[in-house]
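Asker: Just one file: start37.cif, with mmCIF, C-alpha atoms and all ligand atoms.
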data_input
#
loop_
_atom_site.label_atom_id
_atom_site.label_comp_id
_atom_site.auth_asym_id
_atom_site.auth_seq_id
_atom_site.Cartn_x
_atom_site.Cartn_y
_atom_site.Cartn_z
CA SER I 1 10.20 45.34 -21.17
CA ASP I 2 6.57 46.22 -21.77
CA ILE I 3 5.49 42.82 -20.40
CA GLU I 4 7.36 43.47 -17.13
CA THR I 5 5.81 46.93 -16.98
CA ALA I 6 2.36 45.39 -17.57
CA LYS I 7 3.00 42.90 -14.75
CA ARG I 8 4.15 45.66 -12.39
CA ASN I 9 1.12 47.85 -13.26
CA ALA I 10 -1.27 44.93 -12.69
CA ALA I 11 0.41 44.17 -9.36
CA ARG I 12 0.27 47.79 -8.18
CA ALA I 13 -3.41 48.06 -9.13
CA ALA I 14 -4.22 44.79 -7.35
CA VAL I 15 -2.43 45.86 -4.15
CA LYS I 16 -3.98 49.33 -4.26
CA GLU I 17 -7.47 47.89 -4.63
CA HIS I 18 -7.33 44.69 -2.57
CA PHE I 19 -4.49 44.83 -0.01
CA ASP I 20 -5.58 45.95 3.47
CA PRO I 21 -2.59 46.76 5.76
CA SER I 22 -4.72 45.82 8.78
CA ALA I 23 -5.29 42.27 7.44
CA ARG I 24 -4.08 39.34 9.56
CA TYR I 25 -3.44 36.64 6.92
CA VAL I 26 -2.39 37.28 3.30
CA GLY I 27 -1.60 34.50 0.79
CA ILE I 28 1.34 35.02 -1.58
CA GLY I 29 1.35 32.97 -4.81
CA SER I 30 4.22 31.91 -7.07
CA GLY I 31 5.73 32.95 -10.40
CA SER I 32 7.19 36.17 -11.81
CA THR I 33 4.15 38.47 -11.60
CA ILE I 34 3.65 37.97 -7.87
CA VAL I 35 7.16 39.37 -7.32
CA TYR I 36 5.69 42.77 -8.19
CA VAL I 37 2.84 42.26 -5.71
CA VAL I 38 5.34 41.81 -2.86
CA GLU I 39 7.28 44.84 -4.18
CA ALA I 40 4.08 46.94 -4.18
CA ILE I 41 3.25 45.83 -0.62
CA GLN I 42 6.74 46.82 0.52
CA GLU I 43 6.39 50.21 -1.20
CA LEU I 44 3.36 50.98 0.99
CA ASP I 45 5.81 51.32 3.87
CA ASP I 46 2.95 50.90 6.38
CA PRO I 47 4.02 49.82 9.93
CA ARG I 48 0.88 47.66 10.28
CA ILE I 49 2.30 45.29 7.65
CA ALA I 50 4.76 43.96 10.24
CA ASN I 51 1.79 42.29 12.00
CA ILE I 52 0.49 40.48 8.91
CA ASN I 53 1.09 36.72 8.48
CA PHE I 54 2.05 36.02 4.87
CA ILE I 55 1.24 32.47 3.77
CA PRO I 56 3.59 31.15 1.05
CA THR I 57 2.62 28.76 -1.78
CA GLY I 58 6.03 27.08 -2.16
CA TYR I 59 9.76 27.63 -1.74
CA GLN I 60 9.96 30.53 -4.22
CA SER I 61 7.03 32.27 -2.54
CA ARG I 62 8.52 31.80 0.95
CA GLN I 63 11.93 33.10 -0.18
CA MET I 64 10.20 36.20 -1.61
CA ILE I 65 8.39 36.81 1.70
CA LEU I 66 11.58 36.38 3.76
CA ARG I 67 13.68 38.53 1.39
CA ALA I 68 11.09 41.30 1.77
CA ASN I 69 11.45 41.04 5.59
CA LEU I 70 7.78 40.09 5.87
CA LYS I 71 6.48 37.60 8.43
CA ASP I 72 5.80 34.19 6.93
CA LEU I 73 3.41 31.61 8.37
CA LYS I 74 3.33 28.05 7.09
CA PHE I 75 -0.06 26.94 5.78
CA ASP I 76 -0.37 24.22 8.43
CA SER I 77 0.12 26.82 11.20
CA LEU I 78 -3.04 28.65 10.16
CA PRO I 79 -5.73 28.58 12.85
CA ALA I 80 -8.83 26.71 11.63
CA LYS I 81 -10.68 30.00 11.58
CA PRO I 82 -10.51 32.82 10.48
CA LEU I 83 -9.72 32.29 6.85
CA ILE I 84 -6.97 34.01 4.90
CA ASP I 85 -8.17 37.58 4.26
CA VAL I 86 -6.88 37.74 0.68
CA ALA I 87 -4.63 35.61 -1.53
CA PHE I 88 -2.68 37.18 -4.42
CA ASP I 89 -1.44 34.84 -7.17
CA GLY I 90 -0.61 34.68 -10.87
CA ALA I 91 -2.01 32.43 -13.59
CA ASP I 92 -0.97 31.12 -16.98
CA GLU I 93 -4.27 31.95 -18.67
CA ILE I 94 -7.66 33.32 -17.59
CA ASP I 95 -10.99 33.40 -19.43
CA ASP I 96 -13.82 35.90 -19.17
CA SER I 97 -15.50 33.78 -16.47
CA LEU I 98 -12.26 33.90 -14.46
CA ASN I 99 -11.49 30.22 -15.03
CA CYS I 100 -7.70 29.98 -14.66
CA ILE I 101 -5.02 27.64 -15.92
CA LYS I 102 -2.37 27.41 -13.22
CA GLY I 103 0.76 25.36 -12.72
CA GLY I 104 3.18 26.87 -15.24
CA GLY I 105 5.50 27.30 -12.29
CA ALA I 106 4.69 23.85 -10.88
CA CYS I 107 3.38 25.43 -7.66
CA LEU I 108 -0.28 24.68 -8.25
CA TYR I 109 -0.77 22.34 -5.23
CA GLN I 110 0.04 24.86 -2.47
CA GLU I 111 -1.49 27.67 -4.54
CA LYS I 112 -4.75 25.73 -4.58
CA LEU I 113 -4.51 25.02 -0.83
CA VAL I 114 -4.11 28.72 -0.04
CA ALA I 115 -6.74 29.82 -2.56
CA THR I 116 -9.33 27.43 -1.07
CA GLN I 117 -8.78 28.94 2.40
CA ALA I 118 -8.91 32.57 1.24
CA ARG I 119 -11.93 34.85 1.51
CA LYS I 120 -10.80 36.61 -1.65
CA PHE I 121 -8.55 35.31 -4.47
CA ILE I 122 -6.92 38.06 -6.55
CA CYS I 123 -5.38 36.81 -9.78
CA VAL I 124 -2.69 39.21 -11.03
CA ALA I 125 -1.83 38.92 -14.72
CA ASP I 126 -0.69 40.95 -17.71
CA HIS I 127 -2.81 41.34 -20.87
CA ARG I 128 -1.41 38.18 -22.55
CA LYS I 129 -3.15 35.94 -20.04
CA LEU I 130 -6.78 37.08 -20.59
CA GLN I 131 -8.18 35.02 -23.48
CA PRO I 132 -11.80 34.40 -24.65
CA ARG I 133 -11.25 30.66 -24.24
CA LEU I 134 -8.60 28.71 -22.33
CA LEU I 135 -5.73 26.98 -24.18
CA THR I 136 -5.40 29.83 -26.68
CA PHE I 137 -2.23 31.56 -25.37
CA TRP I 138 -1.25 28.77 -22.95
CA LYS I 139 -1.19 25.35 -24.58
CA TYR I 140 -1.45 22.78 -21.80
CA ILE I 141 -3.01 21.99 -18.43
CA PRO I 142 -0.44 21.14 -15.71
CA ILE I 143 -1.44 18.21 -13.47
CA GLU I 144 0.48 17.32 -10.29
CA VAL I 145 0.87 13.57 -9.85
CA GLU I 146 2.40 11.17 -7.35
CA PRO I 147 5.40 9.68 -9.23
CA LEU I 148 4.03 6.14 -8.74
CA ALA I 149 0.76 7.06 -10.47
CA THR I 150 2.39 8.82 -13.45
CA HIS I 151 1.60 6.26 -16.15
CA THR I 152 -1.90 5.61 -14.82
CA VAL I 153 -2.72 9.34 -14.88
CA MET I 154 -1.00 9.82 -18.24
CA ASN I 155 -3.13 7.06 -19.78
CA ALA I 156 -6.29 8.46 -18.18
CA ILE I 157 -5.53 11.93 -19.60
CA LEU I 158 -4.93 10.51 -23.07
CA GLY I 159 -8.19 8.61 -22.61
CA LEU I 160 -9.91 11.99 -22.26
CA GLY I 161 -8.66 12.83 -25.73
CA ALA I 162 -5.62 14.93 -24.84
CA THR I 163 -3.51 15.44 -27.95
CA SER I 164 -0.48 14.62 -25.76
CA ALA I 165 0.52 14.24 -22.11
CA VAL I 166 4.14 15.10 -21.32
CA LEU I 167 6.09 14.48 -18.09
CA ARG I 168 7.70 17.86 -17.30
CA GLU I 169 11.49 17.52 -17.48
CA GLY I 170 14.17 19.82 -16.11
CA HIS I 171 15.87 20.00 -19.56
CA MET I 172 19.03 22.12 -19.26
CA MET I 173 18.17 22.90 -15.63
CA LYS I 174 17.96 19.31 -14.39
CA ALA I 175 18.30 15.91 -15.98
CA GLY I 176 15.07 13.91 -15.70
CA PRO I 177 11.62 14.98 -14.42
CA ILE I 178 11.23 18.07 -12.21
CA LYS I 179 9.92 17.54 -8.67
CA THR I 180 7.36 19.89 -7.13
CA ASP I 181 7.67 21.33 -3.59
CA GLN I 182 5.64 18.29 -2.52
CA ASP I 183 8.11 15.92 -4.23
CA ASN I 184 5.63 15.04 -7.00
CA PHE I 185 5.89 15.08 -10.82
CA ILE I 186 4.01 17.35 -13.23
CA ILE I 187 2.21 16.05 -16.33
CA ASP I 188 1.49 18.74 -18.93
CA ALA I 189 -1.72 17.76 -20.74
CA TYR I 190 -2.26 19.31 -24.18
CA PHE I 191 -5.87 19.74 -25.37
CA GLN I 192 -7.59 21.71 -28.14
CA PRO I 193 -8.76 25.21 -27.07
CA LEU I 194 -11.57 24.68 -24.56
CA LEU I 195 -15.16 25.25 -25.53
CA LEU I 196 -17.38 27.90 -24.02
CA PRO I 197 -20.88 27.17 -22.74
CA ALA I 198 -22.16 29.13 -25.78
CA ASP I 199 -20.40 26.69 -28.15
CA VAL I 200 -22.12 23.79 -26.42
CA GLU I 201 -25.53 25.52 -26.37
CA LYS I 202 -25.24 26.17 -30.10
CA SER I 203 -24.47 22.51 -30.79
CA GLY I 204 -27.04 21.12 -28.40
CA SER I 205 -24.63 19.21 -26.23
CA LEU I 206 -20.96 18.68 -25.50
CA HIS I 207 -21.39 15.13 -26.81
CA GLU I 208 -22.64 16.49 -30.17
CA VAL I 209 -19.61 18.80 -30.37
CA GLN I 210 -17.22 15.97 -29.51
CA LYS I 211 -18.90 13.68 -32.04
CA GLY I 212 -18.56 16.42 -34.65
CA MET I 213 -14.84 16.68 -33.94
CA GLU I 214 -14.20 12.92 -33.91
CA GLY I 215 -12.03 11.59 -36.69
CA LYS I 216 -10.64 15.05 -37.42
CA GLY I 217 -7.54 14.13 -35.41
CA GLU I 218 -8.48 17.13 -33.32
CA GLY I 219 -7.97 15.34 -29.99
CA GLY I 220 -10.44 15.88 -27.17
CA VAL I 221 -12.66 18.93 -27.24
CA TRP I 222 -14.00 19.94 -23.85
CA GLU I 223 -15.94 22.65 -22.11
CA VAL I 224 -14.02 24.09 -19.16
CA ALA I 225 -16.18 22.84 -16.29
CA GLU I 226 -16.59 19.35 -17.83
CA LEU I 227 -12.85 18.91 -18.27
CA ALA I 228 -12.16 20.25 -14.77
CA ARG I 229 -14.57 17.64 -13.39
CA GLU I 230 -12.93 14.82 -15.39
CA ILE I 231 -9.42 15.85 -14.28
CA LYS I 232 -10.56 16.17 -10.66
CA ALA I 233 -11.93 12.63 -10.90
CA ILE I 234 -8.57 11.41 -12.19
CA GLU I 235 -6.68 13.30 -9.46
CA GLY I 236 -8.90 11.46 -6.98
O1 LIG I 301 2.22 28.22 -11.45
C1 LIG I 301 1.36 29.14 -11.45
O2 LIG I 301 0.13 28.93 -11.60
C2 LIG I 301 1.86 30.54 -11.32
O3 LIG I 301 0.89 31.37 -10.80
C3 LIG I 301 2.47 30.97 -12.59
O4 LIG I 301 2.23 30.11 -13.66
C4 LIG I 301 2.24 32.38 -13.05
O5 LIG I 301 3.48 32.71 -13.56
P1 LIG I 301 3.88 34.14 -14.15
O6 LIG I 301 3.32 35.17 -13.19
O7 LIG I 301 5.39 34.08 -14.12
O8 LIG I 301 3.30 34.19 -15.51
#
What would the structure in this file look like if it were written as structure tokens?

Answerer:
Amino acid sequence: SDIETAKRNAARAAVKEHFDPSARYVGIGSGSTIVYVVEAIQELDDPRIANINFIPTGYQSRQMILRANLKDLKFDSLPAKPLIDVAFDGADEIDDSLNCIKGGGACLYQEKLVATQARKFICVADHRKLQPRLLTFWKYIPIEVEPLATHTVMNAILGLGATSAVLREGHMMKAGPIKTDQDNFIIDAYFQPLLLPADVEKSGSLHEVQKGMEGKGEGGVWEVAELAREIKAIEG
């Protein structure tokens, strides 16, 4: 399909531009686009690749690395220094400032771990993902939560004005909530499309914008960085 072709082209371009066969540590993300990144690395057919440690971001990522006969290294086996040379990963949506929504594949915890320890984070995505403001194409923000804290976090998210907060279920694939690779739950938090700094500047302040939206049943309106800070505070 043209989406799969777009994913493959993005992956090949990312590997061509940012993959160095003499690297020592390379992070491999999760999802369907990253499959083409591993494929493009294999296609290089460069003997130096055998010496690279590939750091997975979950079970799917590790299976991909092993199936490609690449060397995998668990995140907690990384020496304190040096950092991961480059981490390749997908995203659910990206804005012009490269803010990303991640977690569609419920792998966001290890993806974030690897990304924080990488010198360079390369987000590989087809054209659908790049949007002027987040929550346009992708409709919710995945949040990983300890099962015990589910209702507390759900209430806190709704307190931020989310239009809804849904515990991610397995549906046909599994009765009841899905578990992440860390044995946690995922809450999918739905918000209105996020504001851009320009929206806030025009209205004077985020508070003015929110006041303006109150009572319109629009749910919470947030600027990206503000909402990220609020969610980080909830995640603790
Ligand atoms: O969970 C994530 O953030 C993944 O990177 C994922 O959502 C991207 O998935 P895709 O490449 O299949 O769109």

Asker: So how far away is CA of Asp85 (chain I) from CA of Val26 (chain I), in Å?

Answerer: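 Between these atoms lies a distance of 5.9 Å.
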
Asker: Write out as a PDB file with C-alpha atoms, in the coordinates of the input each polymer residue (protein, DNA or RNA) that has an atom no more than 6 Å from ligand LIG 301 (chain I), with all atoms listed in the file counted.

Answerer:
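out.pdb, freshly written:
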ATOM      1  CA  SER I  30       4.220  31.910  -7.070  1.00  0.00           C
ATOM      2  CA  GLY I  31       5.730  32.950 -10.400  1.00  0.00           C
ATOM      3  CA  SER I  32       7.190  36.170 -11.810  1.00  0.00           C
ATOM      4  CA  THR I  33       4.150  38.470 -11.600  1.00  0.00           C
ATOM      5  CA  ASP I  89      -1.440  34.840  -7.170  1.00  0.00           C
ATOM      6  CA  GLY I  90      -0.610  34.680 -10.870  1.00  0.00           C
ATOM      7  CA  ALA I  91      -2.010  32.430 -13.590  1.00  0.00           C
ATOM      8  CA  ASP I  92      -0.970  31.120 -16.980  1.00  0.00           C
ATOM      9  CA  LYS I 102      -2.370  27.410 -13.220  1.00  0.00           C
ATOM     10  CA  GLY I 103       0.760  25.360 -12.720  1.00  0.00           C
ATOM     11  CA  GLY I 104       3.180  26.870 -15.240  1.00  0.00           C
ATOM     12  CA  GLY I 105       5.500  27.300 -12.290  1.00  0.00           C
ATOM     13  CA  ALA I 106       4.690  23.850 -10.880  1.00  0.00           C
ATOM     14  CA  CYS I 107       3.380  25.430  -7.660  1.00  0.00           C
ATOM     15  CA  LEU I 108      -0.280  24.680  -8.250  1.00  0.00           C
TER      16      LEU I 108
END

Asker: When you look at Ala10 (chain I) with a cut-off of 7 Å (counting all atoms listed in the file), what residues show up, excluding the ones that are within fewer than 6 positions of it in the same chain? I need them as a PyMOL selection string.

Answerer: chain I and resi 124-126

Asker: Applying 8 Å and all atoms listed in the file, which residues near region 79-84 of chain I remain after dropping the ones on its own chain fewer than 6 positions away? List them as a list in words.

Answerer: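 Close residues of region 79-84 of chain I: Arg24, Tyr25, Val26, Gly27, Val114, Gln117, Ala118 and Arg119 of chain I.
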
Asker: Enter the distance from CA of Asp188 (chain I) to CA of Arg168 (chain I), in Å, rounded to one decimal.

Answerer: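 For CA of Asp188 (chain I) relative to CA of Arg168 (chain I), the distance reads 6.5 Å.
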
Asker: Need to verify the contact set: Val15 (chain I), 9 Å, all atoms listed in the file, exclusion of same-chain residues closer than 4 positions in sequence. Can you return it as a PyMOL selection string?

Answerer: chain I and resi 10-11+19-20+37-38+40-41+88

Asker: Store the residues of this selection in a file with C-alpha atoms, as an mmCIF file, in the frame of the given file.

Answerer:
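What landed in selection_17.cif:
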data_model
loop_
_atom_site.group_PDB
_atom_site.id
_atom_site.type_symbol
_atom_site.label_atom_id
_atom_site.label_comp_id
_atom_site.auth_asym_id
_atom_site.auth_seq_id
_atom_site.Cartn_x
_atom_site.Cartn_y
_atom_site.Cartn_z
ATOM 1 C CA ALA I 10 -1.270 44.930 -12.690
ATOM 2 C CA ALA I 11 0.410 44.170 -9.360
ATOM 3 C CA PHE I 19 -4.490 44.830 -0.010
ATOM 4 C CA ASP I 20 -5.580 45.950 3.470
ATOM 5 C CA VAL I 37 2.840 42.260 -5.710
ATOM 6 C CA VAL I 38 5.340 41.810 -2.860
ATOM 7 C CA ALA I 40 4.080 46.940 -4.180
ATOM 8 C CA ILE I 41 3.250 45.830 -0.620
ATOM 9 C CA PHE I 88 -2.680 37.180 -4.420
#

Asker: So that I can see what lies close to Ile143 (chain I), please list as JSON, numbers by chain the residues with an atom at most 12 Å from it, counting only C-alpha atoms and leaving out residues fewer than 3 positions away in the same chain.

Answerer: {"I": [101, 102, 103, 104, 105, 106, 107, 108, 109, 140, 146, 147, 149, 150, 153, 154, 156, 157, 165, 166, 167, 168, 180, 184, 185, 186, 187, 188, 189, 190, 228, 231, 232, 234, 235, 236]}

Asker: Output the selection as a PDB file, in the frame of the given file - C-alpha atoms for each residue.

Answerer:
ATOM      1  CA  ILE I 101      -5.020  27.640 -15.920  1.00  0.00           C
ATOM      2  CA  LYS I 102      -2.370  27.410 -13.220  1.00  0.00           C
ATOM      3  CA  GLY I 103       0.760  25.360 -12.720  1.00  0.00           C
ATOM      4  CA  GLY I 104       3.180  26.870 -15.240  1.00  0.00           C
ATOM      5  CA  GLY I 105       5.500  27.300 -12.290  1.00  0.00           C
ATOM      6  CA  ALA I 106       4.690  23.850 -10.880  1.00  0.00           C
ATOM      7  CA  CYS I 107       3.380  25.430  -7.660  1.00  0.00           C
ATOM      8  CA  LEU I 108      -0.280  24.680  -8.250  1.00  0.00           C
ATOM      9  CA  TYR I 109      -0.770  22.340  -5.230  1.00  0.00           C
ATOM     10  CA  TYR I 140      -1.450  22.780 -21.800  1.00  0.00           C
ATOM     11  CA  GLU I 146       2.400  11.170  -7.350  1.00  0.00           C
ATOM     12  CA  PRO I 147       5.400   9.680  -9.230  1.00  0.00           C
ATOM     13  CA  ALA I 149       0.760   7.060 -10.470  1.00  0.00           C
ATOM     14  CA  THR I 150       2.390   8.820 -13.450  1.00  0.00           C
ATOM     15  CA  VAL I 153      -2.720   9.340 -14.880  1.00  0.00           C
ATOM     16  CA  MET I 154      -1.000   9.820 -18.240  1.00  0.00           C
ATOM     17  CA  ALA I 156      -6.290   8.460 -18.180  1.00  0.00           C
ATOM     18  CA  ILE I 157      -5.530  11.930 -19.600  1.00  0.00           C
ATOM     19  CA  ALA I 165       0.520  14.240 -22.110  1.00  0.00           C
ATOM     20  CA  VAL I 166       4.140  15.100 -21.320  1.00  0.00           C
ATOM     21  CA  LEU I 167       6.090  14.480 -18.090  1.00  0.00           C
ATOM     22  CA  ARG I 168       7.700  17.860 -17.300  1.00  0.00           C
ATOM     23  CA  THR I 180       7.360  19.890  -7.130  1.00  0.00           C
ATOM     24  CA  ASN I 184       5.630  15.040  -7.000  1.00  0.00           C
ATOM     25  CA  PHE I 185       5.890  15.080 -10.820  1.00  0.00           C
ATOM     26  CA  ILE I 186       4.010  17.350 -13.230  1.00  0.00           C
ATOM     27  CA  ILE I 187       2.210  16.050 -16.330  1.00  0.00           C
ATOM     28  CA  ASP I 188       1.490  18.740 -18.930  1.00  0.00           C
ATOM     29  CA  ALA I 189      -1.720  17.760 -20.740  1.00  0.00           C
ATOM     30  CA  TYR I 190      -2.260  19.310 -24.180  1.00  0.00           C
ATOM     31  CA  ALA I 228     -12.160  20.250 -14.770  1.00  0.00           C
ATOM     32  CA  ILE I 231      -9.420  15.850 -14.280  1.00  0.00           C
ATOM     33  CA  LYS I 232     -10.560  16.170 -10.660  1.00  0.00           C
ATOM     34  CA  ILE I 234      -8.570  11.410 -12.190  1.00  0.00           C
ATOM     35  CA  GLU I 235      -6.680  13.300  -9.460  1.00  0.00           C
ATOM     36  CA  GLY I 236      -8.900  11.460  -6.980  1.00  0.00           C
TER      37      GLY I 236
END

Asker: For CA of Arg67 (chain I) and CA of Ala87 (chain I), determine how far apart the two atoms are, in Å to one decimal place.

Answerer: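 Interatomic distance, CA of Arg67 (chain I) to CA of Ala87 (chain I): 18.8 Å.
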
Asker: Will you model N, CA and C atoms for region 183-207 of chain I and pass it back as a PDB file, keeping the file's coordinate frame?

Answerer:
ATOM      1  N   ASP I 183       7.382  17.119  -3.779  1.00  0.00           N
ATOM      2  CA  ASP I 183       8.110  15.920  -4.230  1.00  0.00           C
ATOM      3  C   ASP I 183       7.295  15.076  -5.224  1.00  0.00           C
ATOM      4  N   ASN I 184       6.405  15.732  -5.972  1.00  0.00           N
ATOM      5  CA  ASN I 184       5.630  15.040  -7.000  1.00  0.00           C
ATOM      6  C   ASN I 184       6.133  15.407  -8.397  1.00  0.00           C
ATOM      7  N   PHE I 185       5.568  14.742  -9.415  1.00  0.00           N
ATOM      8  CA  PHE I 185       5.890  15.080 -10.820  1.00  0.00           C
ATOM      9  C   PHE I 185       4.774  15.981 -11.357  1.00  0.00           C
ATOM     10  N   ILE I 186       5.040  16.570 -12.526  1.00  0.00           N
ATOM     11  CA  ILE I 186       4.010  17.350 -13.230  1.00  0.00           C
ATOM     12  C   ILE I 186       3.813  16.723 -14.612  1.00  0.00           C
ATOM     13  N   ILE I 187       2.543  16.470 -14.954  1.00  0.00           N
ATOM     14  CA  ILE I 187       2.210  16.050 -16.330  1.00  0.00           C
ATOM     15  C   ILE I 187       1.578  17.258 -16.995  1.00  0.00           C
ATOM     16  N   ASP I 188       2.089  17.634 -18.154  1.00  0.00           N
ATOM     17  CA  ASP I 188       1.490  18.740 -18.930  1.00  0.00           C
ATOM     18  C   ASP I 188       0.587  18.122 -19.992  1.00  0.00           C
ATOM     19  N   ALA I 189      -0.718  18.384 -19.858  1.00  0.00           N
ATOM     20  CA  ALA I 189      -1.720  17.760 -20.740  1.00  0.00           C
ATOM     21  C   ALA I 189      -2.170  18.759 -21.806  1.00  0.00           C
ATOM     22  N   TYR I 190      -1.920  18.422 -23.058  1.00  0.00           N
ATOM     23  CA  TYR I 190      -2.260  19.310 -24.180  1.00  0.00           C
ATOM     24  C   TYR I 190      -3.659  18.949 -24.704  1.00  0.00           C
ATOM     25  N   PHE I 191      -4.526  19.945 -24.805  1.00  0.00           N
ATOM     26  CA  PHE I 191      -5.870  19.740 -25.370  1.00  0.00           C
ATOM     27  C   PHE I 191      -6.111  20.829 -26.415  1.00  0.00           C
ATOM     28  N   GLN I 192      -7.151  20.642 -27.238  1.00  0.00           N
ATOM     29  CA  GLN I 192      -7.590  21.710 -28.140  1.00  0.00           C
ATOM     30  C   GLN I 192      -8.128  22.864 -27.281  1.00  0.00           C
ATOM     31  N   PRO I 193      -8.169  24.099 -27.820  1.00  0.00           N
ATOM     32  CA  PRO I 193      -8.760  25.210 -27.070  1.00  0.00           C
ATOM     33  C   PRO I 193     -10.124  24.811 -26.504  1.00  0.00           C
ATOM     34  N   LEU I 194     -10.352  25.153 -25.247  1.00  0.00           N
ATOM     35  CA  LEU I 194     -11.570  24.680 -24.560  1.00  0.00           C
ATOM     36  C   LEU I 194     -12.803  25.409 -25.079  1.00  0.00           C
ATOM     37  N   LEU I 195     -13.894  24.690 -25.045  1.00  0.00           N
ATOM     38  CA  LEU I 195     -15.160  25.250 -25.530  1.00  0.00           C
ATOM     39  C   LEU I 195     -15.779  26.155 -24.472  1.00  0.00           C
ATOM     40  N   LEU I 196     -16.628  27.044 -24.946  1.00  0.00           N
ATOM     41  CA  LEU I 196     -17.380  27.900 -24.020  1.00  0.00           C
ATOM     42  C   LEU I 196     -18.792  27.343 -23.916  1.00  0.00           C
ATOM     43  N   PRO I 197     -19.489  27.643 -22.839  1.00  0.00           N
ATOM     44  CA  PRO I 197     -20.880  27.170 -22.740  1.00  0.00           C
ATOM     45  C   PRO I 197     -21.694  27.527 -23.991  1.00  0.00           C
ATOM     46  N   ALA I 198     -21.405  28.696 -24.571  1.00  0.00           N
ATOM     47  CA  ALA I 198     -22.160  29.130 -25.780  1.00  0.00           C
ATOM     48  C   ALA I 198     -21.936  28.156 -26.935  1.00  0.00           C
ATOM     49  N   ASP I 199     -20.689  27.650 -27.070  1.00  0.00           N
ATOM     50  CA  ASP I 199     -20.400  26.690 -28.150  1.00  0.00           C
ATOM     51  C   ASP I 199     -21.285  25.456 -27.969  1.00  0.00           C
ATOM     52  N   VAL I 200     -21.381  25.042 -26.681  1.00  0.00           N
ATOM     53  CA  VAL I 200     -22.120  23.790 -26.420  1.00  0.00           C
ATOM     54  C   VAL I 200     -23.611  24.034 -26.652  1.00  0.00           C
ATOM     55  N   GLU I 201     -24.092  25.212 -26.182  1.00  0.00           N
ATOM     56  CA  GLU I 201     -25.530  25.520 -26.370  1.00  0.00           C
ATOM     57  C   GLU I 201     -25.872  25.482 -27.860  1.00  0.00           C
ATOM     58  N   LYS I 202     -24.969  26.083 -28.650  1.00  0.00           N
ATOM     59  CA  LYS I 202     -25.240  26.170 -30.100  1.00  0.00           C
ATOM     60  C   LYS I 202     -25.342  24.748 -30.683  1.00  0.00           C
ATOM     61  N   SER I 203     -24.503  23.842 -30.186  1.00  0.00           N
ATOM     62  CA  SER I 203     -24.470  22.510 -30.790  1.00  0.00           C
ATOM     63  C   SER I 203     -25.394  21.538 -30.066  1.00  0.00           C
ATOM     64  N   GLY I 204     -26.085  22.031 -29.051  1.00  0.00           N
ATOM     65  CA  GLY I 204     -27.040  21.120 -28.400  1.00  0.00           C
ATOM     66  C   GLY I 204     -26.411  20.398 -27.225  1.00  0.00           C
ATOM     67  N   SER I 205     -25.223  19.858 -27.407  1.00  0.00           N
ATOM     68  CA  SER I 205     -24.630  19.210 -26.230  1.00  0.00           C
ATOM     69  C   SER I 205     -23.136  19.045 -26.472  1.00  0.00           C
ATOM     70  N   LEU I 206     -22.414  18.891 -25.382  1.00  0.00           N
ATOM     71  CA  LEU I 206     -20.960  18.680 -25.500  1.00  0.00           C
ATOM     72  C   LEU I 206     -20.706  17.407 -26.309  1.00  0.00           C
ATOM     73  N   HIS I 207     -21.566  16.416 -26.095  1.00  0.00           N
ATOM     74  CA  HIS I 207     -21.390  15.130 -26.810  1.00  0.00           C
ATOM     75  C   HIS I 207     -21.485  15.356 -28.319  1.00  0.00           C
TER      76      HIS I 207
END
